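In what follows, a structure is listed as C-alpha cells, so that the remarks can point back to it.
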Amino acid sequence: MDRIVQMRAFARVVETGSFTKAADSMDLPKASLTRLVQALEARLRVQLLTRTTRKVTVTQDGAAYYERTMALLSELEAIDQGMLHDQSKPRGRLRVDVTTLTGSRVLIPALADFHERYPDIQIALGVSDRAIDLLVDNVDFVLRVGAVQDAGLVARRVGQIQFCTCAAPSYLEKHGTPETPEDLDREPHQAVGYFSSRTGRVFPFVFHRGDERVEIEGRRRLDVNDSNAYVAAGLAGLGVVQLAKYAVQNELERGELIPLFPGWHHNAVPVYLVYSPNRYVSARMRVFIEWVAETLAKKGLGPD
C-alpha cells in the first residue's frame with residue numbers, strides 16, 4: 001500500500017509541476033508528500049525529480065517511470081471499478097468543470113434527473129469561464145465550447161451551440177439599429193467585448209453570409225470575462241453582444257433583447273467534454289458523458 005501511495009504522490013508532482021499543488025490535490029501536508037517521493041526515490045535508488053527553488057522538473061528516469069506508473073495506476077483503478085462495484089450502479093466522486101452559462105442554465109437545472117438515476121455518484125461541479133488545467137487542478141472532465149487546442153487531451157463532442165447577435169431596446173433607442181456588421185466599428189455604435197481569462201484576448205464578433213466570413217472587433221467601452229456578466233451587460237443596454245442563443249432565448253421571446261443583422265448567420269460552435277488520456281474512464285465517467293450529451297440534446301444543443 002505504501003508503494004502505491006508513493007507512486008500516486010510522485011505522479012501528482014509530475015502532473016502539477018509542484019510539490020505544493022500536488023499536496024493540496026491529495027489533501028496531504030507538503031512535508032508528508034515530500035517524504036513519500038523521497039522514500040520512492042530511495043527505494044528505486046534513482047533520482048526521479050530535479051528540484052530548485054523555482055520549479056520541479058522530471059529527470060529522464062523519472063519520465064520513463066511516470067509513463068509506466070500511470071499505466072499501472074489506471075489498471076488498478078479499472079480493477080477496483082470492476083471488482084468492488086456493481087457496474088449497473090456506478091458510484092464514487094466526479095470533479096467536473098463547466099462553462100458558466102452551460103452549467104447554470106442547462107446542467108444544474110437537470111441534475112436532479114442525474115441524481116435520481118445515479119444516487120451513489122457525488123459531483124464536485126466547478127462553474128466558471130476560466131481555463132482549467134486538467135492535471136494541475138485534478139479534474140476528471142472539463143466541458144468546453146469551441147475547438148480544443150491541446151491535441152494531447154481526449155475530446156468527446158457532446159453538443160453544439162448556436163450564437164446570435166443582439167441588443168437591448170434601450171440601446172437601439174439611443175444609438176439606432178446597426179444595418180451591417182461593419183457598423184459596429186463606427187460611431188455611434190458600441191459593442192461589449194468578451195475576453196479570455198487566461199490570455200486577455202478579446203474574442204471578435206464573427207459573421208457568415210454564404211461563403212463570406214467577417215470578423216469585427218467593434219467599438220468597445222466594456223469588456224468582461226464572465227458569461228453571466230456578458231448577458232447582464234447586453235440587457236443593460238451597454239452595447240451589442242454576440243452570445244449563445246439558448247442562454248437568452250427567453251429574453252429574445254420577451255423582447256428584452258432584439259436580434260440584429262437578419263441577412264447574416266453564425267456557424268454552430270461544438271461543445272466537448274475533455275479529459276486526460278491518462279485517466280481511466282470509469283463507469284461513473286461513462287454515464288456522466290452519456291447524460292451530458294442527452295441533456296444537451298433535450299435542450300436542442302445536440303451535436304447534429
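Residue numbering restarts at 1 in every chain; chains get A, B, ... in the order shown in the C-alpha cells, and ligands count up from 1 in that same order.
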Note to self: Residues near Leu36 in chain A, anyone? I mean within 12 Å using only C-alpha atoms, not counting same-chain ones fewer than 4 positions away, as a PyMOL selection string.
What the structure shows: chain A and resi 1-13+19+22-23+28-32+40-43
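The environment of His189 in chain A within 10 Å, counting only C-alpha atoms and disregarding residues fewer than 5 places along the same chain, consists of Tyr171, Leu172, Lys174, His175, Gly176, Thr177, Pro178, Asp183, Leu184, Gly218, Arg219, Arg220, Gly239 and Val240 of chain A.
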Restricting the output to C-alpha atoms, write the selected residues as a PDB file, in the first residue's frame.
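To be explicit, this is the file written out as part08.pdb:
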ATOM      1  CA  TYR A 171     -29.552  50.568 -26.674  1.00  0.00           C
ATOM      2  CA  LEU A 172     -31.348  50.690 -30.030  1.00  0.00           C
ATOM      3  CA  LYS A 174     -30.297  55.601 -28.037  1.00  0.00           C
ATOM      4  CA  HIS A 175     -27.910  54.551 -30.815  1.00  0.00           C
ATOM      5  CA  GLY A 176     -30.172  53.341 -33.615  1.00  0.00           C
ATOM      6  CA  THR A 177     -30.159  49.919 -35.260  1.00  0.00           C
ATOM      7  CA  PRO A 178     -26.900  48.913 -36.992  1.00  0.00           C
ATOM      8  CA  ASP A 183     -21.415  49.419 -38.379  1.00  0.00           C
ATOM      9  CA  LEU A 184     -20.181  48.066 -35.022  1.00  0.00           C
ATOM     10  CA  GLY A 218     -16.322  46.625 -32.523  1.00  0.00           C
ATOM     11  CA  ARG A 219     -16.016  49.946 -30.711  1.00  0.00           C
ATOM     12  CA  ARG A 220     -15.943  48.983 -27.035  1.00  0.00           C
ATOM     13  CA  GLY A 239     -23.730  47.613 -26.215  1.00  0.00           C
ATOM     14  CA  VAL A 240     -24.278  44.966 -28.859  1.00  0.00           C
TER      15      VAL A 240
END
Check: If you count only C-alpha atoms, which residues fall within 12 Å of Ala64 in chain A, apart from same-chain ones fewer than 4 positions away, as a PyMOL selection string?
Finding: chain A and resi 11+14+46-49+58-60+68-71
Output file for the residues above (N, CA, C and O atoms, as a PDB file, in the first residue's frame):
ATOM      1  N   ALA A  11       3.347  10.827  -9.130  1.00  0.00           N
ATOM      2  CA  ALA A  11       2.581  11.161 -10.341  1.00  0.00           C
ATOM      3  C   ALA A  11       1.935  12.529 -10.230  1.00  0.00           C
ATOM      4  O   ALA A  11       1.920  13.305 -11.193  1.00  0.00           O
ATOM      5  N   VAL A  14       4.487  15.268 -10.831  1.00  0.00           N
ATOM      6  CA  VAL A  14       4.778  15.398 -12.263  1.00  0.00           C
ATOM      7  C   VAL A  14       3.657  16.158 -12.957  1.00  0.00           C
ATOM      8  O   VAL A  14       3.894  17.062 -13.768  1.00  0.00           O
ATOM      9  N   VAL A  46      17.077   5.860  -7.599  1.00  0.00           N
ATOM     10  CA  VAL A  46      17.102   6.672  -8.816  1.00  0.00           C
ATOM     11  C   VAL A  46      16.534   8.047  -8.483  1.00  0.00           C
ATOM     12  O   VAL A  46      15.561   8.156  -7.729  1.00  0.00           O
ATOM     13  N   GLN A  47      17.130   9.101  -9.047  1.00  0.00           N
ATOM     14  CA  GLN A  47      16.554  10.436  -8.895  1.00  0.00           C
ATOM     15  C   GLN A  47      15.473  10.614  -9.955  1.00  0.00           C
ATOM     16  O   GLN A  47      15.732  10.566 -11.161  1.00  0.00           O
ATOM     17  N   LEU A  48      14.253  10.826  -9.485  1.00  0.00           N
ATOM     18  CA  LEU A  48      13.120  10.965 -10.392  1.00  0.00           C
ATOM     19  C   LEU A  48      12.816  12.413 -10.722  1.00  0.00           C
ATOM     20  O   LEU A  48      12.303  12.721 -11.797  1.00  0.00           O
ATOM     21  N   LEU A  49      13.113  13.306  -9.771  1.00  0.00           N
ATOM     22  CA  LEU A  49      12.779  14.720  -9.929  1.00  0.00           C
ATOM     23  C   LEU A  49      13.993  15.581  -9.615  1.00  0.00           C
ATOM     24  O   LEU A  49      14.801  15.238  -8.739  1.00  0.00           O
ATOM     25  N   VAL A  58      11.245  16.828 -14.272  1.00  0.00           N
ATOM     26  CA  VAL A  58      11.333  15.376 -14.264  1.00  0.00           C
ATOM     27  C   VAL A  58      12.620  14.942 -14.949  1.00  0.00           C
ATOM     28  O   VAL A  58      12.935  15.424 -16.048  1.00  0.00           O
ATOM     29  N   THR A  59      13.367  14.051 -14.320  1.00  0.00           N
ATOM     30  CA  THR A  59      14.562  13.516 -14.953  1.00  0.00           C
ATOM     31  C   THR A  59      14.167  12.532 -16.050  1.00  0.00           C
ATOM     32  O   THR A  59      12.998  12.150 -16.179  1.00  0.00           O
ATOM     33  N   GLN A  60      15.137  12.104 -16.828  1.00  0.00           N
ATOM     34  CA  GLN A  60      14.854  11.127 -17.882  1.00  0.00           C
ATOM     35  C   GLN A  60      14.323   9.835 -17.277  1.00  0.00           C
ATOM     36  O   GLN A  60      13.360   9.243 -17.781  1.00  0.00           O
ATOM     37  N   ARG A  68       5.151   4.380 -16.979  1.00  0.00           N
ATOM     38  CA  ARG A  68       4.797   3.029 -16.525  1.00  0.00           C
ATOM     39  C   ARG A  68       3.924   3.088 -15.274  1.00  0.00           C
ATOM     40  O   ARG A  68       3.028   2.266 -15.085  1.00  0.00           O
ATOM     41  N   THR A  69       4.172   4.091 -14.440  1.00  0.00           N
ATOM     42  CA  THR A  69       3.366   4.263 -13.234  1.00  0.00           C
ATOM     43  C   THR A  69       1.914   4.548 -13.579  1.00  0.00           C
ATOM     44  O   THR A  69       0.989   3.975 -12.998  1.00  0.00           O
ATOM     45  N   MET A  70       1.688   5.450 -14.541  1.00  0.00           N
ATOM     46  CA  MET A  70       0.323   5.804 -14.900  1.00  0.00           C
ATOM     47  C   MET A  70      -0.429   4.619 -15.480  1.00  0.00           C
ATOM     48  O   MET A  70      -1.626   4.444 -15.234  1.00  0.00           O
ATOM     49  N   ALA A  71       0.266   3.795 -16.247  1.00  0.00           N
ATOM     50  CA  ALA A  71      -0.385   2.601 -16.790  1.00  0.00           C
ATOM     51  C   ALA A  71      -0.822   1.679 -15.664  1.00  0.00           C
ATOM     52  O   ALA A  71      -1.934   1.130 -15.674  1.00  0.00           O
TER      53      ALA A  71
END
Checklist line | Residue neighbourhood Gln162 in chain A, 7 Å, only C-alpha atoms, exclusion window fewer than 6 positions, as a PyMOL selection string | finding: chain A and resi 244-245+266-269
Checklist line | 10 Å contact set for range 103-114 of chain A, only C-alpha atoms, chain neighbours under 6 positions out, as a PyMOL selection string | finding: chain A and resi 97+121+123+125-128+143+228+246-248+287-288+291-292+295-296+298-299+301
Write to file, as a compact mmCIF listing (two decimals), in the first residue's frame, the residues of the selection just made, with C-alpha atoms.
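This went into out12.txt:
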# COMPACT_ATOMS: atom_id res chain seq x y z
CA ASP A 97 -15.63 21.99 -14.54
CA ILE A 121 -22.30 9.39 -7.62
CA ILE A 123 -20.28 15.56 -8.17
CA LEU A 125 -19.03 20.96 -10.01
CA GLY A 126 -16.83 23.92 -10.84
CA VAL A 127 -18.71 26.60 -12.77
CA SER A 128 -16.56 29.24 -14.43
CA LEU A 143 -16.85 20.99 -20.60
CA ASN A 228 -23.49 35.91 -16.85
CA TYR A 246 -30.05 29.24 -25.80
CA ALA A 247 -28.84 31.40 -22.91
CA VAL A 248 -31.08 34.31 -23.87
CA VAL A 287 -22.61 7.56 -17.53
CA PHE A 288 -21.89 11.24 -16.94
CA TRP A 291 -26.07 12.09 -19.52
CA VAL A 292 -24.47 15.40 -20.58
CA THR A 295 -29.25 16.70 -21.63
CA LEU A 296 -27.78 18.98 -24.28
CA LYS A 298 -33.05 17.75 -24.98
CA LYS A 299 -32.24 21.47 -24.98
CA LEU A 301 -27.98 21.60 -28.34
Next item on the list: Would you list, as JSON, numbers by chain, the residues of range 135-292 of chain A that end up in helix (DSSP H, G or I) under DSSP run on this structure's backbone?
Entry: {"A": [169, 170, 171, 172, 173, 174, 175, 181, 182, 183, 184, 185, 227, 228, 229, 230, 231, 232, 233, 234, 235, 245, 246, 247, 248, 249, 250, 251, 252, 253, 283, 284, 285, 286, 287, 288, 289, 290, 291, 292]}
Next item on the list: Could you pull out the residues in range 19-107 of chain A that DSSP calls strand (DSSP E) from the backbone, as a PyMOL selection string?
Entry: chain A and resi 49-51+56-58+92-98
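You can rank A:Leu238, A:Ala168, A:Val281, A:Val224 by their closest distance to Glu256 in chain A using only C-alpha atoms, and at the top of that list sits A:Ala168.
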Note to self: Under the rule that only C-alpha atoms are counted, which of A:Met285, A:Ala229, A:Leu243, A:Leu33 is the nearest residue to Ala167 in chain A?
What the structure shows: A:Leu243
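Considering only C-alpha atoms, the residue among A:Ser282, A:Asn225, A:Asn138, A:Gln190 positioned nearest to Glu15 in chain A is A:Asn138.
The space separating CA of Thr52 in chain A from CA of Tyr65 in chain A comes to 20.6 Å.
The interatomic distance for the pair CA of Cys166 in chain A and CA of Val241 in chain A works out to 5.7 Å.
Distances from A:Thr165, A:Ser197, A:Gln38, A:Ser18 to Gln242 in chain A were compared using only C-alpha atoms, and the smallest one belongs to A:Thr165.
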